[in-house]
file structure-v3.txt (compact mmCIF, C-alpha atoms (C1' of nucleotides))
# COMPACT_ATOMS: atom_id res chain seq x y z
CA MET A 1 59.37 153.34 65.69
CA THR A 2 58.87 149.82 66.80
CA VAL A 3 55.81 147.85 65.72
CA LEU A 4 53.97 146.76 68.84
CA PHE A 5 56.55 146.48 71.59
CA SER A 6 59.21 148.67 73.13
CA ARG A 7 62.79 148.08 72.09
CA LYS A 8 63.48 146.63 75.50
CA CYS A 9 60.66 144.15 75.02
CA GLU A 10 61.90 143.19 71.57
CA TYR A 11 65.30 142.49 73.05
CA ALA A 12 63.76 140.45 75.84
CA LEU A 13 61.92 138.31 73.31
CA GLN A 14 64.99 137.91 71.15
CA GLY A 15 67.06 137.09 74.19
CA ILE A 16 64.79 134.45 75.59
CA LEU A 17 64.36 132.82 72.21
CA TYR A 18 68.13 132.72 71.99
CA LEU A 19 68.35 131.07 75.39
CA ALA A 20 65.80 128.49 74.31
CA GLU A 21 67.55 127.74 71.07
CA ASN A 22 70.86 127.25 72.82
CA GLN A 23 69.73 125.52 75.98
CA GLU A 24 72.25 122.73 75.57
CA GLN A 25 75.05 125.20 76.20
CA GLY A 26 73.94 125.74 79.78
CA ASN A 27 74.79 129.20 81.09
CA ILE A 28 75.07 131.72 78.33
CA SER A 29 76.76 135.05 78.96
CA ALA A 30 75.19 138.38 78.10
CA GLU A 31 78.33 138.94 76.07
CA GLN A 32 77.58 136.02 73.77
CA ILE A 33 73.90 136.86 73.40
CA ALA A 34 74.67 140.46 72.62
CA SER A 35 77.28 139.52 70.09
CA ASP A 36 75.06 137.02 68.30
CA LEU A 37 72.04 139.29 68.28
CA SER A 38 74.09 142.39 67.44
CA ILE A 39 72.75 144.39 70.35
CA SER A 40 74.24 146.08 73.40
CA LYS A 41 75.64 143.76 76.08
CA ASP A 42 74.74 146.06 78.95
CA PHE A 43 71.23 146.54 77.73
CA ILE A 44 70.37 142.90 77.13
CA SER A 45 71.96 142.15 80.48
CA LYS A 46 69.68 144.62 82.24
CA THR A 47 66.69 143.32 80.35
CA LEU A 48 67.37 139.70 81.24
CA GLN A 49 67.81 140.74 84.85
CA SER A 50 64.19 141.82 84.99
CA LEU A 51 63.18 138.43 83.63
CA VAL A 52 65.25 136.88 86.42
CA LYS A 53 63.17 138.77 88.97
CA ASP A 54 60.00 137.36 87.49
CA GLY A 55 61.27 133.81 87.52
CA ILE A 56 61.52 133.33 83.77
CA VAL A 57 65.28 133.27 83.63
CA ILE A 58 67.96 132.08 86.02
CA SER A 59 71.28 133.84 86.32
CA HIS A 60 74.62 132.66 87.63
CA ARG A 61 77.49 134.89 88.58
CA GLY A 62 81.13 134.06 88.47
CA LYS A 63 83.53 132.89 85.86
CA THR A 64 81.29 130.36 84.12
CA GLY A 65 78.15 132.33 84.89
CA GLY A 66 75.46 133.49 82.55
CA PHE A 67 71.76 133.14 81.91
CA SER A 68 69.51 130.16 81.31
CA LEU A 69 65.79 129.42 81.31
CA ALA A 70 64.23 129.01 84.75
CA ARG A 71 61.38 126.88 83.45
CA ASP A 72 60.62 124.40 80.77
CA SER A 73 60.75 126.23 77.46
CA GLU A 74 57.36 124.78 76.54
CA SER A 75 55.77 126.57 79.47
CA ILE A 76 57.02 130.03 78.59
CA SER A 77 54.79 131.95 76.24
CA LEU A 78 55.82 135.08 74.41
CA LEU A 79 52.86 136.83 75.99
CA GLU A 80 54.36 136.33 79.42
CA ILE A 81 57.47 138.22 78.38
CA VAL A 82 55.49 141.03 76.81
CA LEU A 83 53.36 141.49 79.91
CA ILE A 84 56.42 141.60 82.15
CA ILE A 85 58.27 144.17 80.11
CA ASP A 86 55.58 146.32 78.49
CA GLY A 87 52.51 145.56 80.57
CA ASN A 88 49.13 144.96 79.01
CA GLY A 89 48.47 148.45 77.71
CA VAL A 90 48.80 147.22 74.13
CA PHE A 91 45.85 144.93 74.65
CA GLU A 92 43.69 147.43 76.47
CA SER A 93 44.26 150.88 75.06
CA CYS A 94 42.34 152.43 72.19
CA VAL A 95 44.34 152.20 68.99
CA LEU A 96 43.51 155.84 68.22
CA GLY A 97 44.53 156.90 71.70
CA LEU A 98 41.08 158.11 72.69
CA PRO A 99 40.84 157.94 76.46
CA THR A 100 37.06 157.64 76.44
CA CYS A 101 36.94 154.80 73.92
CA GLY A 102 35.26 151.66 75.19
CA SER A 103 32.24 149.52 74.54
CA GLU A 104 29.94 152.32 75.75
CA SER A 105 31.41 154.96 73.48
CA PRO A 106 33.50 153.17 70.86
CA CYS A 107 35.85 154.98 68.54
CA PRO A 108 35.48 154.58 64.76
CA VAL A 109 37.72 151.54 64.65
CA HIS A 110 36.92 150.05 68.02
CA SER A 111 34.91 147.09 66.76
CA LYS A 112 37.37 146.41 63.96
CA TRP A 113 40.46 146.56 66.11
CA GLY A 114 39.06 144.35 68.84
CA PRO A 115 39.34 141.05 66.97
CA LEU A 116 42.78 141.93 65.68
CA ARG A 117 43.98 142.75 69.16
CA GLU A 118 42.57 139.49 70.42
CA ALA A 119 44.23 137.58 67.61
CA SER A 120 47.55 139.24 68.38
CA ARG A 121 47.24 138.43 72.02
CA ASN A 122 46.26 134.89 71.19
CA MET A 123 49.21 134.47 68.89
CA LEU A 124 51.56 135.52 71.66
CA ALA A 125 49.80 133.41 74.26
CA THR A 126 49.95 130.25 72.18
CA THR A 127 53.48 130.70 70.93
CA THR A 128 55.93 129.23 73.37
CA VAL A 129 59.60 129.75 73.52
CA SER A 130 60.21 126.08 72.78
CA GLN A 131 58.22 126.09 69.61
CA PHE A 132 61.11 127.10 67.47
CA ASN A 133 63.91 125.31 69.19
CA PRO A 134 65.11 123.10 66.31
CA VAL A 135 66.12 120.28 68.63
CA GLU A 136 63.02 120.15 70.78
CA SER A 137 60.57 120.62 67.96
CA GLY A 138 62.18 117.79 66.04
CA LEU A 139 62.59 119.89 62.96
CA VAL A 140 66.24 119.05 62.68
CA ILE A 141 67.37 115.60 61.60
CA MET B 1 53.31 153.38 75.28
CA THR B 2 50.96 153.84 72.40
CA VAL B 3 49.50 150.82 70.67
CA LEU B 4 50.47 151.00 67.04
CA PHE B 5 50.97 154.65 66.21
CA SER B 6 52.92 157.57 67.58
CA ARG B 7 51.09 160.09 69.72
CA LYS B 8 51.34 162.56 66.89
CA CYS B 9 49.66 160.10 64.56
CA GLU B 10 46.92 159.38 67.05
CA TYR B 11 46.22 163.10 67.28
CA ALA B 12 46.21 163.42 63.51
CA LEU B 13 43.62 160.65 63.26
CA GLN B 14 41.52 162.10 66.04
CA GLY B 15 41.78 165.54 64.48
CA ILE B 16 40.78 164.54 61.00
CA LEU B 17 37.87 162.49 62.29
CA TYR B 18 36.79 165.54 64.21
CA LEU B 19 36.96 167.66 61.06
CA ALA B 20 34.88 165.11 59.19
CA GLU B 21 32.28 164.89 61.92
CA ASN B 22 31.92 168.65 62.02
CA GLN B 23 32.23 169.49 58.36
CA GLU B 24 29.09 171.59 58.35
CA GLN B 25 30.81 174.11 60.59
CA GLY B 26 33.23 175.05 57.85
CA ASN B 27 36.57 176.22 59.20
CA ILE B 28 37.31 174.84 62.60
CA SER B 29 40.02 176.38 64.73
CA ALA B 30 42.81 174.41 66.37
CA GLU B 31 41.55 175.95 69.58
CA GLN B 32 38.15 174.27 69.27
CA ILE B 33 39.58 170.91 68.20
CA ALA B 34 42.07 170.91 71.03
CA SER B 35 39.44 171.82 73.55
CA ASP B 36 36.99 169.16 72.40
CA LEU B 37 39.63 166.45 72.17
CA SER B 38 41.37 167.53 75.36
CA ILE B 39 44.76 167.82 73.76
CA SER B 40 47.29 170.60 73.25
CA LYS B 41 46.26 173.33 70.84
CA ASP B 42 49.80 173.99 69.62
CA PHE B 43 50.47 170.34 69.04
CA ILE B 44 47.31 169.53 67.10
CA SER B 45 47.90 172.70 65.15
CA LYS B 46 51.37 171.56 64.14
CA THR B 47 50.10 168.12 63.33
CA LEU B 48 47.29 169.38 61.11
CA GLN B 49 49.80 171.61 59.37
CA SER B 50 51.64 168.57 58.12
CA LEU B 51 48.39 167.21 56.75
CA VAL B 52 47.92 170.54 54.98
CA LYS B 53 51.25 170.05 53.21
CA ASP B 54 50.09 166.67 51.97
CA GLY B 55 46.80 167.97 50.66
CA ILE B 56 44.53 166.21 53.13
CA VAL B 57 43.52 169.30 55.01
CA ILE B 58 43.02 172.93 54.00
CA SER B 59 43.85 175.77 56.33
CA HIS B 60 42.68 179.37 56.36
CA ARG B 61 44.32 182.15 58.29
CA GLY B 62 42.64 185.21 59.68
CA LYS B 63 39.82 185.92 62.02
CA THR B 64 37.40 183.26 60.80
CA GLY B 65 40.17 180.89 59.80
CA GLY B 66 40.73 177.30 60.78
CA PHE B 67 41.03 173.86 59.27
CA SER B 68 38.76 171.84 57.00
CA LEU B 69 39.04 168.74 54.83
CA ALA B 70 40.71 169.28 51.49
CA ARG B 71 38.99 166.32 49.88
CA ASP B 72 35.78 164.42 50.04
CA SER B 73 35.70 162.66 53.39
CA GLU B 74 34.84 159.40 51.63
CA SER B 75 38.12 159.51 49.76
CA ILE B 76 40.33 159.86 52.82
CA SER B 77 41.36 156.58 54.43
CA LEU B 78 42.87 156.28 57.87
CA LEU B 79 45.80 154.51 56.25
CA GLU B 80 46.68 157.63 54.32
CA ILE B 81 47.04 159.58 57.54
CA VAL B 82 49.12 156.89 59.17
CA LEU B 83 51.50 156.70 56.23
CA ILE B 84 51.95 160.48 56.19
CA ILE B 85 52.70 160.77 59.88
CA ASP B 86 54.38 157.50 60.85
CA GLY B 87 55.46 156.06 57.53
CA ASN B 88 55.00 152.42 56.66
CA GLY B 89 57.47 150.90 59.12
CA VAL B 90 54.62 149.37 61.10
CA PHE B 91 53.64 147.31 58.10
CA GLU B 92 57.13 146.30 57.10
CA SER B 93 59.22 145.74 60.20
CA CYS B 94 59.60 142.50 62.10
CA VAL B 95 57.39 142.50 65.15
CA LEU B 96 60.27 141.14 67.25
CA GLY B 97 62.61 143.78 65.87
CA LEU B 98 64.90 141.29 64.16
CA PRO B 99 66.65 143.10 61.32
CA THR B 100 67.28 139.92 59.37
CA CYS B 101 63.70 138.69 59.55
CA GLY B 102 62.03 138.12 56.20
CA SER B 103 60.62 135.38 54.04
CA GLU B 104 64.12 133.88 53.59
CA SER B 105 64.91 133.76 57.29
CA PRO B 106 61.65 134.25 59.17
CA CYS B 107 61.51 134.90 62.88
CA PRO B 108 59.43 132.62 65.12
CA VAL B 109 56.27 134.65 64.65
CA HIS B 110 56.83 135.85 61.12
CA SER B 111 54.19 133.70 59.47
CA LYS B 112 51.70 134.34 62.24
CA TRP B 113 52.14 138.07 62.31
CA GLY B 114 51.93 138.50 58.55
CA PRO B 115 48.17 137.98 58.25
CA LEU B 116 47.48 140.13 61.29
CA ARG B 117 49.57 142.92 59.87
CA GLU B 118 47.75 142.67 56.57
CA ALA B 119 44.40 142.70 58.33
CA SER B 120 45.42 145.80 60.28
CA ARG B 121 46.55 147.53 57.15
CA ASN B 122 43.39 146.51 55.38
CA MET B 123 41.25 147.80 58.21
CA LEU B 124 42.91 151.19 57.96
CA ALA B 125 42.79 151.23 54.19
CA THR B 126 39.09 150.46 54.01
CA THR B 127 38.03 152.75 56.83
CA THR B 128 37.40 156.20 55.51
CA VAL B 129 37.04 159.37 57.46
CA SER B 130 33.44 159.74 56.33
CA GLN B 131 32.39 156.37 57.59
CA PHE B 132 31.56 157.60 61.01
CA ASN B 133 30.22 161.01 60.23
CA PRO B 134 26.70 160.68 61.66
CA VAL B 135 25.19 162.96 59.02
CA GLU B 136 26.80 161.43 55.96
CA SER B 137 26.39 157.87 57.06
CA GLY B 138 22.71 158.42 57.72
CA LEU B 139 22.96 157.01 61.20
CA VAL B 140 21.30 160.03 62.70
CA ILE B 141 17.60 160.68 62.15
C1' DA C 1 42.24 202.08 59.40
C1' DC C 2 42.56 199.05 62.98
C1' DA C 3 41.82 195.60 66.48
C1' DA C 4 41.06 190.82 66.90
C1' DA C 5 41.79 186.14 65.87
C1' DA C 6 43.44 182.72 63.25
C1' DA C 7 47.47 179.73 61.11
C1' DC C 8 52.53 179.66 60.49
C1' DG C 9 57.44 178.96 61.60
C1' DG C 10 61.11 178.19 64.30
C1' DA C 11 63.37 177.76 68.41
C1' DC C 12 62.98 176.10 72.76
C1' DT C 13 61.93 172.90 76.89
C1' DA C 14 60.22 168.60 79.10
C1' DA C 15 59.51 163.79 79.33
C1' DT C 16 60.51 159.32 78.20
C1' DA C 17 63.03 155.66 76.17
C1' DA C 18 67.37 153.85 74.98
C1' DG C 19 71.81 152.97 75.95
C1' DT C 20 76.43 153.39 78.64
C1' DC C 21 79.66 153.20 82.40
C1' DC C 22 81.69 151.68 86.45
C1' DG C 23 82.44 149.93 90.82
C1' DA C 24 80.79 145.99 93.81
C1' DT C 25 79.84 141.33 94.36
C1' DT C 26 80.16 136.49 93.35
C1' DA C 27 82.00 132.33 91.66
C1' DT C 28 85.43 129.41 89.08
C1' DG C 29 89.63 127.32 87.73
C1' DA C 30 94.52 127.22 87.60
C1' DT D 1 95.30 132.05 96.85
C1' DC D 2 94.51 134.83 93.26
C1' DA D 3 93.52 136.39 88.67
C1' DT D 4 89.66 136.20 85.77
C1' DA D 5 85.13 136.62 84.22
C1' DA D 6 80.57 136.80 85.03
C1' DT D 7 76.08 139.21 87.03
C1' DC D 8 74.30 143.12 89.74
C1' DG D 9 73.01 147.83 90.93
C1' DG D 10 72.86 152.47 90.40
C1' DA D 11 74.03 156.58 88.38
C1' DC D 12 74.80 158.63 84.29
C1' DT D 13 74.49 160.14 79.22
C1' DT D 14 72.31 160.26 74.77
C1' DA D 15 68.48 160.12 71.50
C1' DT D 16 63.90 160.56 70.41
C1' DT D 17 59.39 162.00 71.07
C1' DA D 18 56.21 165.11 72.96
C1' DG D 19 54.86 169.43 73.98
C1' DT D 20 55.43 174.71 74.63
C1' DC D 21 56.30 179.48 73.55
C1' DC D 22 56.42 183.51 70.98
C1' DG D 23 56.77 186.57 67.41
C1' DT D 24 55.10 187.01 62.37
C1' DT D 25 51.84 186.88 58.85
C1' DT D 26 47.30 186.76 57.15
C1' DT D 27 42.49 187.70 57.11
C1' DT D 28 38.04 189.46 58.72
C1' DG D 29 34.65 192.47 60.77
C1' DT D 30 33.79 196.85 62.67

call {"tool": "encode", "arguments": {"input": "structure-v3.txt", "output": "structure tokens"}}
result
Amino acid sequence: MTVLFSRKCEYALQGILYLAENQEQGNISAEQIASDLSISKDFISKTLQSLVKDGIVISHRGKTGGFSLARDSESISLLEIVLIIDGNGVFESCVLGLPTCGSESPCPVHSKWGPLREASRNMLATTTVSQFNPVESGLVI
Amino acid sequence: MTVLFSRKCEYALQGILYLAENQEQGNISAEQIASDLSISKDFISKTLQSLVKDGIVISHRGKTGGFSLARDSESISLLEIVLIIDGNGVFESCVLGLPTCGSESPCPVHSKWGPLREASRNMLATTTVSQFNPVESGLVI
DNA sequence: ACAAAAACGGACTAATAAGTCCGATTATGA
DNA sequence: TCATAATCGGACTTATTAGTCCGTTTTTGT
């Protein structure tokens, strides 16, 4: 079991963080990403391709091809990635899986889960891909 | 996708809350639970059987058989159910799925997710099955 | 005694997610 | 020009989860 996101979404997040951290390299091949993250090349490749479609990532074919960020890393939030890959079900559905749960007929944990869900969403919305790029964030001397 | 728990776990939680809410009925058949919760009879039956093995639920065969709580509803926390069905991976694993993530080498959201995870766990640990039984909680006149 | 109705157990099937493979296309550099 | 190395697309396979089926056992009420 994963925690909050699908495996595909986890890989997407890992992948885009990797791209951000290694921006100076220019195009980065799926091969390299997969090797460094110890995941499947074909799978991360497919996953990044869906981010290409949504304009988060740019891809280049050919010998020196690979992937790179389509936008400024500071403008890409983790939430954006999650919504693209997994949708917003995590932030809408009842945590107990009750289809009828809502503000009219809340489940036992409805009011308690609400703030946590909002905090999770907020964490993802306010965390950008650039935030942990050592170079950009100035954390490295 | 489910939010935090497997479908099986969601059903277990729904089922045990149902048992608590309808304690006065004594034995409650899988048939009735399934019908009221709009889920599969066979599946909820199987799920409750694993709670029987862990001493949360008691089962009785035969014509008037069914399921009932094995312990005082105030002593059964939601967390207990979650740990039995899904284990504690949700509270241990990296939310980005990074195997190396930990306090030594934290992932980008490690420090932010920690408190949320603890709050989630705490919510489940402090919410008992009795809490929302209308009769026991005195919410019903 | 016996029919009915329940959980139990185990094997089975279905659905979904995860991951793989391969041929086609595109671009580069020698 | 041509070999090489990359993404792309689609079909495919595998793994996991979800859900079903059915015969057996147990218990109760008539």

call {"tool": "closest_atom_pairs", "arguments": {"input": "structure-v3.txt", "of": "chain C", "to": "segment 1-14 of chain D", "cutoff": "12 Å", "atoms": "only C-alpha atoms (C1' of nucleotides)", "output": "Markdown table"}}
result
| residue | atom | partner | partner_atom | distance |
| --- | --- | --- | --- | --- |
| C:DA17 | C1' | D:DT14 | C1' | 10.5 |
| C:DA18 | C1' | D:DT14 | C1' | 8.1 |
| C:DG19 | C1' | D:DT14 | C1' | 7.4 |
| C:DT20 | C1' | D:DT13 | C1' | 7.0 |
| C:DC21 | C1' | D:DC12 | C1' | 7.5 |
| C:DC22 | C1' | D:DA11 | C1' | 9.3 |
| C:DG23 | C1' | D:DG9 | C1' | 9.7 |
| C:DA24 | C1' | D:DC8 | C1' | 8.2 |
| C:DT25 | C1' | D:DC8 | C1' | 7.4 |
| C:DT26 | C1' | D:DT7 | C1' | 8.0 |
| C:DA27 | C1' | D:DA6 | C1' | 8.1 |
| C:DT28 | C1' | D:DT4 | C1' | 8.7 |
| C:DG29 | C1' | D:DT4 | C1' | 9.1 |
| C:DA30 | C1' | D:DA3 | C1' | 9.3 |

call {"tool": "calpha_fit_and_write", "arguments": {"input": "structure-v3.txt", "fixed": "chain B", "moving": "chain A", "output": "CSV table (one decimal) with C-alpha atoms, in the coordinates of the input"}}
result
chain,number,residue,atom,x,y,z
A,1,MET,CA,53.3,153.4,75.3
A,2,THR,CA,50.9,153.8,72.4
A,3,VAL,CA,49.5,150.8,70.7
A,4,LEU,CA,50.5,151.0,67.0
A,5,PHE,CA,50.9,154.6,66.2
A,6,SER,CA,52.9,157.5,67.6
A,7,ARG,CA,51.1,160.1,69.7
A,8,LYS,CA,51.3,162.6,66.9
A,9,CYS,CA,49.7,160.1,64.6
A,10,GLU,CA,46.9,159.4,67.1
A,11,TYR,CA,46.2,163.1,67.3
A,12,ALA,CA,46.2,163.4,63.5
A,13,LEU,CA,43.6,160.6,63.3
A,14,GLN,CA,41.5,162.1,66.0
A,15,GLY,CA,41.8,165.5,64.5
A,16,ILE,CA,40.8,164.5,61.0
A,17,LEU,CA,37.9,162.5,62.3
A,18,TYR,CA,36.8,165.6,64.2
A,19,LEU,CA,37.0,167.7,61.1
A,20,ALA,CA,34.9,165.1,59.2
A,21,GLU,CA,32.3,164.9,61.9
A,22,ASN,CA,31.9,168.7,62.1
A,23,GLN,CA,32.2,169.5,58.4
A,24,GLU,CA,29.1,171.6,58.4
A,25,GLN,CA,30.8,174.1,60.6
A,26,GLY,CA,33.3,175.1,57.9
A,27,ASN,CA,36.6,176.2,59.2
A,28,ILE,CA,37.4,174.8,62.6
A,29,SER,CA,40.1,176.4,64.7
A,30,ALA,CA,42.9,174.4,66.4
A,31,GLU,CA,41.6,175.9,69.6
A,32,GLN,CA,38.2,174.3,69.3
A,33,ILE,CA,39.6,170.9,68.2
A,34,ALA,CA,42.1,170.9,71.0
A,35,SER,CA,39.5,171.8,73.6
A,36,ASP,CA,37.0,169.2,72.4
A,37,LEU,CA,39.6,166.4,72.2
A,38,SER,CA,41.4,167.5,75.4
A,39,ILE,CA,44.8,167.8,73.8
A,40,SER,CA,47.3,170.6,73.3
A,41,LYS,CA,46.3,173.3,70.8
A,42,ASP,CA,49.9,173.9,69.6
A,43,PHE,CA,50.5,170.3,69.0
A,44,ILE,CA,47.3,169.5,67.1
A,45,SER,CA,47.9,172.7,65.1
A,46,LYS,CA,51.4,171.5,64.1
A,47,THR,CA,50.1,168.1,63.3
A,48,LEU,CA,47.3,169.4,61.1
A,49,GLN,CA,49.8,171.6,59.3
A,50,SER,CA,51.6,168.5,58.1
A,51,LEU,CA,48.4,167.2,56.7
A,52,VAL,CA,47.9,170.5,55.0
A,53,LYS,CA,51.2,170.0,53.2
A,54,ASP,CA,50.1,166.6,51.9
A,55,GLY,CA,46.8,167.9,50.7
A,56,ILE,CA,44.5,166.2,53.1
A,57,VAL,CA,43.5,169.3,55.0
A,58,ILE,CA,43.0,172.9,54.0
A,59,SER,CA,43.9,175.7,56.3
A,60,HIS,CA,42.7,179.3,56.4
A,61,ARG,CA,44.4,182.1,58.3
A,62,GLY,CA,42.8,185.2,59.7
A,63,LYS,CA,40.0,185.9,62.0
A,64,THR,CA,37.5,183.3,60.8
A,65,GLY,CA,40.3,180.9,59.8
A,66,GLY,CA,40.8,177.3,60.8
A,67,PHE,CA,41.1,173.9,59.3
A,68,SER,CA,38.8,171.8,57.0
A,69,LEU,CA,39.0,168.7,54.8
A,70,ALA,CA,40.7,169.3,51.5
A,71,ARG,CA,38.9,166.3,49.9
A,72,ASP,CA,35.7,164.4,50.1
A,73,SER,CA,35.7,162.7,53.4
A,74,GLU,CA,34.8,159.4,51.6
A,75,SER,CA,38.1,159.5,49.8
A,76,ILE,CA,40.3,159.9,52.8
A,77,SER,CA,41.3,156.6,54.4
A,78,LEU,CA,42.8,156.3,57.9
A,79,LEU,CA,45.8,154.5,56.3
A,80,GLU,CA,46.6,157.6,54.3
A,81,ILE,CA,47.0,159.6,57.5
A,82,VAL,CA,49.1,156.9,59.2
A,83,LEU,CA,51.5,156.7,56.2
A,84,ILE,CA,51.9,160.5,56.2
A,85,ILE,CA,52.7,160.8,59.9
A,86,ASP,CA,54.3,157.5,60.8
A,87,GLY,CA,55.4,156.1,57.5
A,88,ASN,CA,55.0,152.4,56.7
A,89,GLY,CA,57.4,150.9,59.1
A,90,VAL,CA,54.6,149.4,61.1
A,91,PHE,CA,53.6,147.3,58.1
A,92,GLU,CA,57.1,146.3,57.1
A,93,SER,CA,59.2,145.8,60.2
A,94,CYS,CA,59.6,142.5,62.1
A,95,VAL,CA,57.4,142.6,65.2
A,96,LEU,CA,60.3,141.2,67.2
A,97,GLY,CA,62.6,143.8,65.9
A,98,LEU,CA,64.9,141.4,64.2
A,99,PRO,CA,66.7,143.2,61.3
A,100,THR,CA,67.3,140.0,59.4
A,101,CYS,CA,63.7,138.7,59.6
A,102,GLY,CA,62.0,138.2,56.2
A,103,SER,CA,60.6,135.5,54.1
A,104,GLU,CA,64.1,134.0,53.6
A,105,SER,CA,64.9,133.8,57.3
A,106,PRO,CA,61.7,134.3,59.2
A,107,CYS,CA,61.5,135.0,62.9
A,108,PRO,CA,59.5,132.7,65.1
A,109,VAL,CA,56.3,134.7,64.7
A,110,HIS,CA,56.9,135.9,61.1
A,111,SER,CA,54.2,133.7,59.5
A,112,LYS,CA,51.7,134.4,62.3
A,113,TRP,CA,52.2,138.1,62.3
A,114,GLY,CA,51.9,138.5,58.6
A,115,PRO,CA,48.2,138.0,58.3
A,116,LEU,CA,47.5,140.2,61.3
A,117,ARG,CA,49.6,143.0,59.9
A,118,GLU,CA,47.8,142.7,56.6
A,119,ALA,CA,44.4,142.7,58.3
A,120,SER,CA,45.4,145.8,60.3
A,121,ARG,CA,46.5,147.5,57.2
A,122,ASN,CA,43.4,146.5,55.4
A,123,MET,CA,41.2,147.8,58.2
A,124,LEU,CA,42.9,151.2,58.0
A,125,ALA,CA,42.8,151.2,54.2
A,126,THR,CA,39.1,150.5,54.0
A,127,THR,CA,38.0,152.8,56.8
A,128,THR,CA,37.4,156.2,55.5
A,129,VAL,CA,37.0,159.4,57.5
A,130,SER,CA,33.4,159.7,56.3
A,131,GLN,CA,32.4,156.4,57.6
A,132,PHE,CA,31.5,157.6,61.0
A,133,ASN,CA,30.2,161.0,60.2
A,134,PRO,CA,26.6,160.6,61.6
A,135,VAL,CA,25.1,162.9,59.0
A,136,GLU,CA,26.8,161.4,55.9
A,137,SER,CA,26.4,157.8,57.0
A,138,GLY,CA,22.7,158.4,57.6
A,139,LEU,CA,22.9,156.9,61.1
A,140,VAL,CA,21.2,159.9,62.6
A,141,ILE,CA,17.5,160.5,62.0

call {"tool": "atom_distance", "arguments": {"input": "structure-v3.txt", "atom1": "atom CA of Leu37 of chain A", "atom2": "atom CA of Ala119 of chain A"}}
result
27.9 Å

call {"tool": "closest_atom_pairs", "arguments": {"input": "structure-v3.txt", "of": "chain A", "to": "chain D", "cutoff": "8 Å", "atoms": "only C-alpha atoms (C1' of nucleotides)", "output": "tab-separated table"}}
result
residue	atom	partner	partner_atom	distance
A:Ser29	CA	D:DA6	C1'	7.4
A:Ser59	CA	D:DT7	C1'	7.2
A:His60	CA	D:DT7	C1'	6.7
A:Arg61	CA	D:DT7	C1'	4.8
A:Gly62	CA	D:DA6	C1'	4.4
A:Lys63	CA	D:DA5	C1'	4.4
A:Thr64	CA	D:DA6	C1'	6.5
A:Gly65	CA	D:DA6	C1'	5.1
A:Gly66	CA	D:DA6	C1'	6.6

call {"tool": "write_last_selection", "arguments": {"input": "structure-v3.txt", "atoms": "C-alpha atoms", "output": "PDB file, in the coordinates of the input"}}
result
ATOM      1  CA  SER A  29      76.760 135.050  78.960  1.00  0.00           C
ATOM      2  CA  SER A  59      71.280 133.840  86.320  1.00  0.00           C
ATOM      3  CA  HIS A  60      74.620 132.660  87.630  1.00  0.00           C
ATOM      4  CA  ARG A  61      77.490 134.890  88.580  1.00  0.00           C
ATOM      5  CA  GLY A  62      81.130 134.060  88.470  1.00  0.00           C
ATOM      6  CA  LYS A  63      83.530 132.890  85.860  1.00  0.00           C
ATOM      7  CA  THR A  64      81.290 130.360  84.120  1.00  0.00           C
ATOM      8  CA  GLY A  65      78.150 132.330  84.890  1.00  0.00           C
ATOM      9  CA  GLY A  66      75.460 133.490  82.550  1.00  0.00           C
TER      10      GLY A  66
END

call {"tool": "atom_distance", "arguments": {"input": "structure-v3.txt", "atom1": "atom CA of Phe67 of chain A", "atom2": "atom CA of Ser6 of chain A"}}
result
21.8 Å

call {"tool": "residues_near_point", "arguments": {"input": "structure-v3.txt", "point": "(39.2, 168.0, 54.4)", "cutoff": "6 Å", "atoms": "only C-alpha atoms (C1' of nucleotides)", "output": "PyMOL selection string"}}
result
chain B and resi 56-57+68-71

call {"tool": "write_last_selection", "arguments": {"input": "structure-v3.txt", "atoms": "C-alpha atoms", "output": "PDB file, in the coordinates of the input"}}
result
ATOM      1  CA  ILE B  56      44.530 166.210  53.130  1.00  0.00           C
ATOM      2  CA  VAL B  57      43.520 169.300  55.010  1.00  0.00           C
ATOM      3  CA  SER B  68      38.760 171.840  57.000  1.00  0.00           C
ATOM      4  CA  LEU B  69      39.040 168.740  54.830  1.00  0.00           C
ATOM      5  CA  ALA B  70      40.710 169.280  51.490  1.00  0.00           C
ATOM      6  CA  ARG B  71      38.990 166.320  49.880  1.00  0.00           C
TER       7      ARG B  71
END

call {"tool": "closest_residue", "arguments": {"input": "structure-v3.txt", "among": "B:Met1, B:Cys101, B:Ile44, B:Leu13", "to": "Asp86 of chain B", "atoms": "all atoms listed in the file"}}
result
B:Leu13

call {"tool": "interface_residues", "arguments": {"input": "structure-v3.txt", "of": "chain C", "to": "chain B", "cutoff": "12 Å", "atoms": "only C-alpha atoms (C1' of nucleotides)", "output": "ChimeraX atom specification"}}
result
/C:3-10,16-17

call {"tool": "write_last_selection", "arguments": {"input": "structure-v3.txt", "atoms": "C-alpha atoms (C1' of nucleotides)", "output": "mmCIF file, in the coordinates of the input"}}
result
data_model
loop_
_atom_site.group_PDB
_atom_site.id
_atom_site.type_symbol
_atom_site.label_atom_id
_atom_site.label_comp_id
_atom_site.auth_asym_id
_atom_site.auth_seq_id
_atom_site.Cartn_x
_atom_site.Cartn_y
_atom_site.Cartn_z
ATOM 1 C "C1'" DA C 3 41.820 195.600 66.480
ATOM 2 C "C1'" DA C 4 41.060 190.820 66.900
ATOM 3 C "C1'" DA C 5 41.790 186.140 65.870
ATOM 4 C "C1'" DA C 6 43.440 182.720 63.250
ATOM 5 C "C1'" DA C 7 47.470 179.730 61.110
ATOM 6 C "C1'" DC C 8 52.530 179.660 60.490
ATOM 7 C "C1'" DG C 9 57.440 178.960 61.600
ATOM 8 C "C1'" DG C 10 61.110 178.190 64.300
ATOM 9 C "C1'" DT C 16 60.510 159.320 78.200
ATOM 10 C "C1'" DA C 17 63.030 155.660 76.170
#
